[in-house]
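Single-structure report; data block below.
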Amino acid sequence: VMSPGGFSSEAQSYAGGLARAYDSAGRHGHFGLRQFAEWEAPGFAAGLPAEFASTLRELLAAGRSRKRWDVAVCHSPPDVWHADGAFGWGRTQPCPPPRARFSVGRIMFETDRLPASWVPRINRMDEVWVPSGFAVDQFVSSGVDPSKIFVVPEAVDTEFFDPGRHAGASEDRAEFRFLSVFKWERRKGWDVLLRAYFEEFSGDDPVSLSIKTQAFHTAGADFEAKVRDFAEAMGAAARRAPA
């Protein structure tokens with residue numbers, strides 16, 4: 001919840017909506033959060049809108065004080081679920097928590113199949129929530145029990161992501177701008193992105209590529225240097241140099 005990444009972003013949107021729903025139903029304090037699967041990143045948390053960050057802190061406090069959960073949703077990759085969860089999470093902060101009455105896994109994966117080691121971990125849950133029909137086929141073909149799978153679309157905070165609050169891009173701008181957002185890891189295909197961009201466009205083309213990224217379990221965050229090194233390694237195949 002308080003760390004960068006897609007799971008965190010989606011969890012925050014769900015959390016904000018659920019907190020409002022519980023409050024509207026007169027059940028304030030019956031819904032809580034726990035930081036799980038990644039440690040809190042202070043710099044990321046400090047960048048959240050103050051009011052929303054306060055709400056998340058309150059929900060995290062409620063989660064820490066809760067001794068028994070009626071429904072627990074584990075919102076992360078399955079390798080960290082259960083008491084034997086990877087990276088020590090099963091010992092320090094197991095999800096689902098002990099004595100949870102009903103356990104749900106929220107998961108997606110960007111390929112046509114799941115890692116084999118994930119399947120039995122998923123099947124130990126009461127339900128698994130996936131974002132799309134593609135994921136249903138992917139999970140079933142990988143061996144997940146079809147009766148456990150439910151499609152729950154991804155959440156979007158429409159108050160925060162409101163295009164009406166921002167000025168639109170100028171229609172007569174001279175430059176076409178590309179934006180890509182991802183963690184800097186090979187699985188996200190940054191090398192494919194950069195190669196396609198540098199091969200397709202020359203320095204005379206009115207285009208730009210902006211990348212919003214952060215390091216992921218890797219040393220070093222000088223991404224401009226990484227981009228320059230990649231372009232130099234392409235040699236003559238790169239039709240333009242990094243700006």
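Just remember, in the structure tokens the first chain shown is A, the second B, etc., residues are 1-based per chain, and ligands are 1-based in the order shown.
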
Please identify the alpha helix (DSSP H) residues within range 33-181 of chain A (assignment by DSSP from backbone atoms) and present them as a PyMOL selection string. chain A and resi 42-46+50-65+89-92+118-123+133-142

Would you pick out the contacts of range 195-209 of chain A at 7 Å or less, using only C-alpha atoms, so that residues sharing its chain but fewer than 2 positions from it are not included, and give the list as a tab-separated table (two decimals) with N, CA, C and O atoms, in the first residue's frame?
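Output saved as selection-v4.tsv:
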```
chain	number	residue	atom	x	y	z
A	174	ALA	N	3.99	21.00	-31.61
A	174	ALA	CA	4.82	20.51	-32.71
A	174	ALA	C	5.36	19.11	-32.45
A	174	ALA	O	5.72	18.40	-33.38
A	175	GLU	N	5.42	18.71	-31.18
A	175	GLU	CA	6.07	17.46	-30.82
A	175	GLU	C	5.05	16.41	-30.40
A	175	GLU	O	4.10	16.70	-29.67
A	176	PHE	N	5.26	15.16	-30.86
A	176	PHE	CA	4.43	14.03	-30.42
A	176	PHE	C	5.15	13.38	-29.24
A	176	PHE	O	6.32	13.00	-29.36
A	177	ARG	N	4.45	13.25	-28.12
A	177	ARG	CA	5.08	12.78	-26.89
A	177	ARG	C	4.59	11.40	-26.50
A	177	ARG	O	3.39	11.17	-26.39
A	178	PHE	N	5.54	10.49	-26.26
A	178	PHE	CA	5.25	9.15	-25.75
A	178	PHE	C	5.54	9.12	-24.25
A	178	PHE	O	6.50	9.75	-23.78
A	179	LEU	N	4.74	8.37	-23.49
A	179	LEU	CA	4.97	8.19	-22.05
A	179	LEU	C	4.89	6.71	-21.73
A	179	LEU	O	3.96	6.02	-22.16
A	191	ASP	N	14.12	-2.75	-22.58
A	191	ASP	CA	15.04	-2.87	-23.70
A	191	ASP	C	14.30	-2.90	-25.03
A	191	ASP	O	14.75	-2.32	-26.02
A	192	VAL	N	13.14	-3.56	-25.06
A	192	VAL	CA	12.33	-3.60	-26.28
A	192	VAL	C	11.82	-2.20	-26.61
A	192	VAL	O	11.83	-1.76	-27.77
A	193	LEU	N	11.38	-1.48	-25.58
A	193	LEU	CA	10.88	-0.11	-25.77
A	193	LEU	C	11.97	0.80	-26.33
A	193	LEU	O	11.76	1.51	-27.33
A	211	ILE	N	9.95	8.54	-19.64
A	211	ILE	CA	9.83	7.30	-18.87
A	211	ILE	C	9.71	7.64	-17.39
A	211	ILE	O	10.56	8.35	-16.85
A	237	ALA	N	22.65	1.39	-35.28
A	237	ALA	CA	21.21	1.08	-35.33
A	237	ALA	C	20.38	2.16	-34.66
A	237	ALA	O	19.18	2.30	-34.94
A	238	ALA	N	21.00	2.91	-33.73
A	238	ALA	CA	20.28	3.99	-33.05
A	238	ALA	C	20.31	5.23	-33.94
A	238	ALA	O	21.37	5.78	-34.22
A	239	ARG	N	19.14	5.66	-34.37
A	239	ARG	CA	19.04	6.80	-35.31
A	239	ARG	C	19.02	8.14	-34.59
A	239	ARG	O	19.02	9.18	-35.24
A	240	ARG	N	18.95	8.12	-33.26
A	240	ARG	CA	18.97	9.37	-32.50
A	240	ARG	C	19.68	9.11	-31.18
A	240	ARG	O	19.78	7.98	-30.72
```

Go through range 11-76 of chain A residue by residue and, counting only C-alpha atoms, keep those with an atom at most 12 Å from range 113-127 of chain A; for each kept residue give the shortest atom pair and its distance in Å to one decimal, ordered by chain and increasing number, as JSON lines.
```
{"residue": "A:Val71", "atom": "CA", "partner": "A:Asp126", "partner_atom": "CA", "distance": 10.1}
{"residue": "A:Ala72", "atom": "CA", "partner": "A:Met125", "partner_atom": "CA", "distance": 10.1}
{"residue": "A:Val73", "atom": "CA", "partner": "A:Glu127", "partner_atom": "CA", "distance": 9.3}
{"residue": "A:Cys74", "atom": "CA", "partner": "A:Met125", "partner_atom": "CA", "distance": 9.5}
{"residue": "A:His75", "atom": "CA", "partner": "A:Ile122", "partner_atom": "CA", "distance": 12.0}
{"residue": "A:Ser76", "atom": "CA", "partner": "A:Ile122", "partner_atom": "CA", "distance": 11.3}
```

Contacts of range 49-136 of chain A with range 16-22 of chain A up to 8 Å, shortest pair per row, only C-alpha atoms, as a tab-separated table:
```
residue	atom	partner	partner_atom	distance
A:Phe52	CA	A:Gly16	CA	7.9
A:Thr55	CA	A:Gly16	CA	7.9
A:Leu56	CA	A:Gly16	CA	7.9
```

Minimum-distance residue to Trp39 in chain A, chosen among A:Val1, A:His166, A:Tyr14, A:Arg186 (using only C-alpha atoms):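 Residue with the minimum atom-to-atom distance to Trp39 in chain A: A:Val1.
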
If you count only C-alpha atoms, which residues fall within 9 Å of Ser132 in chain A, apart from same-chain ones fewer than 2 positions away, as a list in words?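 These residues fall inside the cut-off: Met108, Val130, Phe134, Ala135, Val136, Phe150, Val151, Val152, Pro153 and Glu154 of chain A.
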
All strand (DSSP E) positions in range 62-94 of chain A, as a PyMOL selection string: chain A and resi 71-75

List the spatial neighbours of range 25-30 of chain A as a list in words - criterion: any atom at most 12 Å away, only C-alpha atoms, same-chain residues fewer than 6 positions off excluded. Leu18, Ala19, Thr55, Glu58, Leu59, Leu60, Ala61, Ala62, Gly63, Arg64, Ser65, Arg66, Lys67, Arg68, Trp69, Asp70 and Val71 of chain A

Residue contacts of range 222-225 of chain A (12 Å, only C-alpha atoms) excluding same-chain residues fewer than 6 positions away, as a list in words: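 Answer for this query is Lys183, Trp184, Glu185, Trp190, Ser210, Ile211, Lys212, Thr213, Gln214, Ala215, Ala231, Glu232, Ala241, Pro242 and Ala243 of chain A.
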
Could you list, as a VMD selection string, every residue within 8 Å of Ser13 in chain A, counting only C-alpha atoms and ignoring same-chain residues fewer than 2 positions away? chain A and resid 9 to 11 15 to 17 155 to 157
